[in-house]
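Shown next: structure11.cif, containing mmCIF, N, CA and C atoms.
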data_entry
loop_
_atom_site.label_atom_id
_atom_site.label_comp_id
_atom_site.auth_asym_id
_atom_site.auth_seq_id
_atom_site.Cartn_x
_atom_site.Cartn_y
_atom_site.Cartn_z
N MET A 1 -4.87 -5.44 -10.22
CA MET A 1 -5.39 -4.76 -9.04
C MET A 1 -4.96 -3.30 -9.08
N GLY A 2 -5.77 -2.42 -8.53
CA GLY A 2 -5.48 -1.00 -8.59
C GLY A 2 -4.64 -0.48 -7.46
N VAL A 3 -5.17 -0.47 -6.25
CA VAL A 3 -4.51 0.17 -5.12
C VAL A 3 -3.39 -0.70 -4.59
N LYS A 4 -2.22 -0.07 -4.45
CA LYS A 4 -1.05 -0.75 -3.88
C LYS A 4 -0.57 0.04 -2.69
N VAL A 5 -0.31 -0.67 -1.60
CA VAL A 5 0.19 -0.04 -0.39
C VAL A 5 1.58 -0.62 -0.11
N TYR A 6 2.58 0.23 -0.19
CA TYR A 6 3.94 -0.18 0.18
C TYR A 6 4.05 -0.03 1.68
N TYR A 7 4.45 -1.12 2.35
CA TYR A 7 4.55 -1.13 3.81
C TYR A 7 5.75 -1.98 4.19
N THR A 8 5.99 -2.12 5.49
CA THR A 8 7.09 -2.97 5.94
C THR A 8 6.65 -3.81 7.13
N THR A 9 7.11 -5.06 7.15
CA THR A 9 6.84 -5.92 8.29
C THR A 9 7.98 -5.84 9.31
N VAL A 10 9.07 -5.16 8.93
CA VAL A 10 10.22 -5.05 9.81
C VAL A 10 10.50 -3.58 10.09
N THR A 11 10.13 -3.13 11.30
CA THR A 11 10.42 -1.76 11.70
C THR A 11 10.46 -1.68 13.22
N ALA A 12 11.34 -0.85 13.71
CA ALA A 12 11.42 -0.60 15.15
C ALA A 12 10.56 0.60 15.53
N SER A 13 9.99 1.25 14.52
CA SER A 13 9.21 2.47 14.75
C SER A 13 7.77 2.15 15.12
N ARG A 14 7.39 2.52 16.32
CA ARG A 14 5.99 2.33 16.72
C ARG A 14 5.06 3.18 15.86
N THR A 15 5.54 4.34 15.45
CA THR A 15 4.74 5.24 14.63
C THR A 15 4.39 4.57 13.31
N VAL A 16 5.38 4.00 12.64
CA VAL A 16 5.13 3.34 11.36
C VAL A 16 4.19 2.16 11.55
N LYS A 17 4.40 1.36 12.59
CA LYS A 17 3.53 0.22 12.86
C LYS A 17 2.09 0.67 13.05
N SER A 18 1.87 1.70 13.85
CA SER A 18 0.51 2.15 14.13
C SER A 18 -0.13 2.79 12.90
N GLN A 19 0.67 3.53 12.11
CA GLN A 19 0.13 4.12 10.88
C GLN A 19 -0.30 3.03 9.92
N GLN A 20 0.53 2.01 9.75
CA GLN A 20 0.19 0.91 8.84
C GLN A 20 -1.06 0.19 9.30
N ALA A 21 -1.17 -0.10 10.58
CA ALA A 21 -2.35 -0.79 11.11
C ALA A 21 -3.61 0.04 10.88
N GLU A 22 -3.51 1.34 11.10
CA GLU A 22 -4.65 2.23 10.90
C GLU A 22 -5.07 2.25 9.43
N VAL A 23 -4.10 2.34 8.54
CA VAL A 23 -4.38 2.36 7.10
C VAL A 23 -5.15 1.10 6.69
N LEU A 24 -4.65 -0.06 7.09
CA LEU A 24 -5.29 -1.32 6.70
C LEU A 24 -6.68 -1.43 7.29
N ARG A 25 -6.85 -0.98 8.53
CA ARG A 25 -8.18 -1.01 9.16
C ARG A 25 -9.16 -0.14 8.38
N ILE A 26 -8.73 1.05 7.99
CA ILE A 26 -9.61 1.96 7.25
C ILE A 26 -9.95 1.41 5.87
N LEU A 27 -8.93 0.91 5.16
CA LEU A 27 -9.20 0.35 3.83
C LEU A 27 -10.16 -0.83 3.93
N ASP A 28 -9.94 -1.70 4.91
CA ASP A 28 -10.83 -2.84 5.10
C ASP A 28 -12.25 -2.40 5.45
N SER A 29 -12.37 -1.38 6.31
CA SER A 29 -13.70 -0.93 6.73
C SER A 29 -14.47 -0.31 5.57
N LYS A 30 -13.75 0.21 4.57
CA LYS A 30 -14.38 0.80 3.39
C LYS A 30 -14.49 -0.21 2.25
N SER A 31 -14.10 -1.45 2.51
CA SER A 31 -14.12 -2.53 1.50
C SER A 31 -13.35 -2.16 0.24
N ILE A 32 -12.23 -1.47 0.43
CA ILE A 32 -11.36 -1.12 -0.69
C ILE A 32 -10.32 -2.22 -0.83
N LYS A 33 -10.29 -2.82 -2.01
CA LYS A 33 -9.33 -3.88 -2.27
C LYS A 33 -7.96 -3.26 -2.53
N TYR A 34 -6.93 -3.91 -2.00
CA TYR A 34 -5.58 -3.37 -2.14
C TYR A 34 -4.58 -4.52 -2.17
N GLU A 35 -3.41 -4.22 -2.69
CA GLU A 35 -2.30 -5.15 -2.70
C GLU A 35 -1.22 -4.60 -1.78
N LEU A 36 -0.73 -5.43 -0.87
CA LEU A 36 0.35 -5.02 0.02
C LEU A 36 1.69 -5.40 -0.60
N ILE A 37 2.62 -4.47 -0.59
CA ILE A 37 3.96 -4.72 -1.08
C ILE A 37 4.92 -4.46 0.07
N ASP A 38 5.54 -5.53 0.56
CA ASP A 38 6.41 -5.46 1.73
C ASP A 38 7.83 -5.09 1.30
N ILE A 39 8.25 -3.87 1.61
CA ILE A 39 9.57 -3.41 1.20
C ILE A 39 10.69 -4.03 2.02
N SER A 40 10.35 -4.73 3.11
CA SER A 40 11.40 -5.32 3.94
C SER A 40 12.00 -6.58 3.31
N VAL A 41 11.37 -7.12 2.28
CA VAL A 41 11.89 -8.35 1.66
C VAL A 41 13.05 -8.08 0.71
N GLY A 42 13.26 -6.82 0.36
CA GLY A 42 14.39 -6.51 -0.51
C GLY A 42 14.54 -5.02 -0.73
N GLY A 43 15.77 -4.58 -0.75
CA GLY A 43 16.06 -3.16 -0.94
C GLY A 43 15.55 -2.62 -2.25
N GLU A 44 15.44 -3.50 -3.26
CA GLU A 44 14.96 -3.03 -4.56
C GLU A 44 13.50 -2.56 -4.48
N LEU A 45 12.70 -3.18 -3.63
CA LEU A 45 11.31 -2.73 -3.47
C LEU A 45 11.24 -1.37 -2.78
N ARG A 46 12.12 -1.15 -1.81
CA ARG A 46 12.17 0.16 -1.14
C ARG A 46 12.57 1.23 -2.15
N GLU A 47 13.57 0.92 -2.97
CA GLU A 47 14.01 1.88 -3.99
C GLU A 47 12.93 2.12 -5.03
N GLU A 48 12.20 1.05 -5.40
CA GLU A 48 11.08 1.19 -6.35
C GLU A 48 10.03 2.14 -5.78
N MET A 49 9.67 1.94 -4.50
CA MET A 49 8.68 2.79 -3.84
C MET A 49 9.14 4.24 -3.86
N ARG A 50 10.39 4.48 -3.50
CA ARG A 50 10.91 5.84 -3.43
C ARG A 50 11.00 6.47 -4.82
N SER A 51 11.38 5.68 -5.80
CA SER A 51 11.47 6.19 -7.16
C SER A 51 10.09 6.58 -7.69
N LYS A 52 9.10 5.71 -7.48
CA LYS A 52 7.73 6.00 -7.94
C LYS A 52 7.14 7.19 -7.21
N ALA A 53 7.50 7.35 -5.92
CA ALA A 53 6.97 8.46 -5.12
C ALA A 53 7.71 9.76 -5.44
N GLY A 54 8.87 9.65 -6.08
CA GLY A 54 9.66 10.84 -6.39
C GLY A 54 10.30 11.45 -5.15
N ASP A 55 10.58 10.60 -4.14
CA ASP A 55 11.13 11.08 -2.88
C ASP A 55 12.16 10.05 -2.39
N SER A 56 13.41 10.43 -2.39
CA SER A 56 14.48 9.49 -2.03
C SER A 56 14.48 9.11 -0.55
N THR A 57 13.65 9.78 0.26
CA THR A 57 13.57 9.45 1.68
C THR A 57 12.19 8.95 2.10
N ALA A 58 11.33 8.66 1.13
CA ALA A 58 9.96 8.22 1.44
C ALA A 58 9.97 6.98 2.33
N ALA A 59 9.12 7.01 3.36
CA ALA A 59 8.99 5.88 4.28
C ALA A 59 7.57 5.33 4.17
N PRO A 60 7.40 4.04 4.45
CA PRO A 60 6.06 3.46 4.38
C PRO A 60 5.16 3.98 5.50
N PRO A 61 3.86 3.94 5.31
CA PRO A 61 3.17 3.48 4.11
C PRO A 61 3.10 4.55 3.02
N GLN A 62 3.16 4.08 1.76
CA GLN A 62 3.01 4.92 0.58
C GLN A 62 1.91 4.29 -0.28
N PHE A 63 1.14 5.13 -0.96
CA PHE A 63 -0.04 4.67 -1.70
C PHE A 63 0.08 4.93 -3.19
N PHE A 64 -0.33 3.95 -3.98
CA PHE A 64 -0.32 4.05 -5.43
C PHE A 64 -1.60 3.44 -5.98
N ASN A 65 -2.03 3.93 -7.14
CA ASN A 65 -3.07 3.27 -7.92
C ASN A 65 -2.35 2.81 -9.17
N GLU A 66 -2.14 1.49 -9.26
CA GLU A 66 -1.20 0.92 -10.23
C GLU A 66 0.14 1.61 -10.03
N ASP A 67 0.67 2.30 -11.04
CA ASP A 67 1.96 2.98 -10.87
C ASP A 67 1.81 4.47 -10.61
N GLN A 68 0.58 4.94 -10.45
CA GLN A 68 0.34 6.37 -10.23
C GLN A 68 0.39 6.66 -8.73
N TYR A 69 1.27 7.58 -8.35
CA TYR A 69 1.45 7.91 -6.94
C TYR A 69 0.23 8.65 -6.40
N CYS A 70 -0.27 8.20 -5.25
CA CYS A 70 -1.41 8.86 -4.60
C CYS A 70 -0.95 9.72 -3.43
N GLY A 71 0.02 9.22 -2.64
CA GLY A 71 0.50 10.01 -1.53
C GLY A 71 1.03 9.16 -0.39
N ASN A 72 1.31 9.85 0.73
CA ASN A 72 1.86 9.20 1.91
C ASN A 72 0.82 9.12 3.02
N TYR A 73 1.26 8.71 4.21
CA TYR A 73 0.32 8.55 5.32
C TYR A 73 -0.38 9.85 5.69
N GLU A 74 0.36 10.96 5.74
CA GLU A 74 -0.24 12.23 6.13
C GLU A 74 -1.34 12.63 5.15
N MET A 75 -1.08 12.43 3.86
CA MET A 75 -2.09 12.76 2.83
C MET A 75 -3.30 11.84 2.96
N PHE A 76 -3.05 10.56 3.23
CA PHE A 76 -4.14 9.60 3.42
C PHE A 76 -4.99 10.01 4.62
N SER A 77 -4.32 10.38 5.71
CA SER A 77 -5.03 10.78 6.92
C SER A 77 -5.92 12.00 6.67
N GLU A 78 -5.40 12.96 5.89
CA GLU A 78 -6.20 14.13 5.54
C GLU A 78 -7.41 13.74 4.71
N ALA A 79 -7.24 12.78 3.81
CA ALA A 79 -8.35 12.30 2.98
C ALA A 79 -9.40 11.60 3.83
N VAL A 80 -8.96 10.87 4.85
CA VAL A 80 -9.91 10.22 5.77
C VAL A 80 -10.74 11.27 6.48
N GLU A 81 -10.06 12.30 6.99
CA GLU A 81 -10.75 13.39 7.71
C GLU A 81 -11.77 14.09 6.81
N ALA A 82 -11.42 14.25 5.53
CA ALA A 82 -12.30 14.95 4.58
C ALA A 82 -13.29 14.01 3.89
N ASP A 83 -13.23 12.72 4.24
CA ASP A 83 -14.08 11.69 3.62
C ASP A 83 -13.89 11.65 2.10
N THR A 84 -12.63 11.72 1.68
CA THR A 84 -12.30 11.69 0.25
C THR A 84 -11.27 10.60 -0.06
N VAL A 85 -11.34 9.48 0.67
CA VAL A 85 -10.36 8.41 0.49
C VAL A 85 -10.40 7.85 -0.93
N GLU A 86 -11.60 7.65 -1.48
CA GLU A 86 -11.71 7.10 -2.84
C GLU A 86 -11.06 8.03 -3.86
N GLN A 87 -11.27 9.33 -3.71
CA GLN A 87 -10.64 10.30 -4.61
C GLN A 87 -9.12 10.29 -4.43
N PHE A 88 -8.67 10.25 -3.18
CA PHE A 88 -7.23 10.20 -2.87
C PHE A 88 -6.58 9.00 -3.57
N LEU A 89 -7.25 7.86 -3.54
CA LEU A 89 -6.71 6.64 -4.14
C LEU A 89 -7.00 6.54 -5.63
N LYS A 90 -7.58 7.61 -6.20
CA LYS A 90 -7.90 7.70 -7.63
C LYS A 90 -8.85 6.59 -8.07
N LEU A 91 -9.83 6.32 -7.19
CA LEU A 91 -10.85 5.32 -7.49
C LEU A 91 -12.16 5.97 -7.93
N ALA A 92 -12.29 7.28 -7.69
CA ALA A 92 -13.54 7.98 -8.02
C ALA A 92 -13.33 8.92 -9.18
#

Could the structure of this file be written out as structure tokens, please?
Amino acid sequence: MGVKVYYTTVTASRTVKSQQAEVLRILDSKSIKYELIDISVGGELREEMRSKAGDSTAAPPQFFNEDQYCGNYEMFSEAVEADTVEQFLKLA
């Protein structure tokens, strides 16, 4: 599978919860297939996400196409506004 979304099922942040819900709604509405990787199941997944993103403080959601970093929520949101989600996710 190509697109991977690192997210968390355990967060006290309403912002993170709403961003994740919005991301999944948009991906589903565009029929983009994706794999969810829940970083809350182990610290090693969080570290993997941060290492791949090149940011030791990266928070979910983070986007990858296989192991190639696409960006974070703010970048995704900008791509939605510009109608360039497929390019952002390196699908086009």

Here's the selection I'm unsure about, the PyMOL selection byres (((chain A and resi 10 and name CA) around 10) and name CA); applied to the file above, which residues does it give, as a PyMOL selection string? chain A and resi 7-9+11-13+16-17+38-41

Could you give me, as JSON lines, every stretch 44-73 of chain A residue with an atom at most 8 Å from stretch 18-31 of chain A, plus its closest atom pair and distance in Å to one decimal, counting all atoms listed in the file, rows ordered by chain then number?
{"residue": "A:Pro60", "atom": "C", "partner": "A:Gln20", "partner_atom": "N", "distance": 6.6}
{"residue": "A:Pro61", "atom": "N", "partner": "A:Gln20", "partner_atom": "N", "distance": 5.9}
{"residue": "A:Tyr73", "atom": "CA", "partner": "A:Gln19", "partner_atom": "CA", "distance": 7.1}

Write the residues you've just listed into a file as a PDB file, in the frame of the given file, and include N, CA and C atoms for each of them.
ATOM      1  N   PRO A  60       7.400   4.040   4.450  1.00  0.00           N
ATOM      2  CA  PRO A  60       6.060   3.460   4.380  1.00  0.00           C
ATOM      3  C   PRO A  60       5.160   3.980   5.500  1.00  0.00           C
ATOM      4  N   PRO A  61       3.860   3.940   5.310  1.00  0.00           N
ATOM      5  CA  PRO A  61       3.170   3.480   4.110  1.00  0.00           C
ATOM      6  C   PRO A  61       3.100   4.550   3.020  1.00  0.00           C
ATOM      7  N   TYR A  73       1.260   8.710   4.210  1.00  0.00           N
ATOM      8  CA  TYR A  73       0.320   8.550   5.320  1.00  0.00           C
ATOM      9  C   TYR A  73      -0.380   9.850   5.690  1.00  0.00           C
TER      10      TYR A  73
END

Step one, run DSSP on the backbone; step two, keep only residues of chain A assigned to helix (DSSP H, G or I); then write them as a count of residues only. 43

What separation in Å, quoted to one decimal, exists between atom N of A:Ala53 and atom CA of A:Lys90?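 Atom CA of A:Lys90 lies 15.5 Å from atom N of A:Ala53.
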
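Look at A:Leu36: the protein and nucleic acid residues within 7 Å of it, using all atoms listed in the file and passing over chain neighbours fewer than 6 places away, are Val3, Lys4, Val5, Tyr6 and Tyr7 of chain A.
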
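Atom to atom, atom CA of A:Glu78 and atom CA of A:Glu44 stand 29.1 Å apart.
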
Got a sec to tell me which of chain A DSSP assigns to strand (DSSP E or B), as a VMD selection string? chain A and resid 3 to 7 34 to 38 62 to 65 68 to 72

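Separating atom N of A:Tyr34 from atom CA of A:Asp55 is a distance of 23.5 Å.
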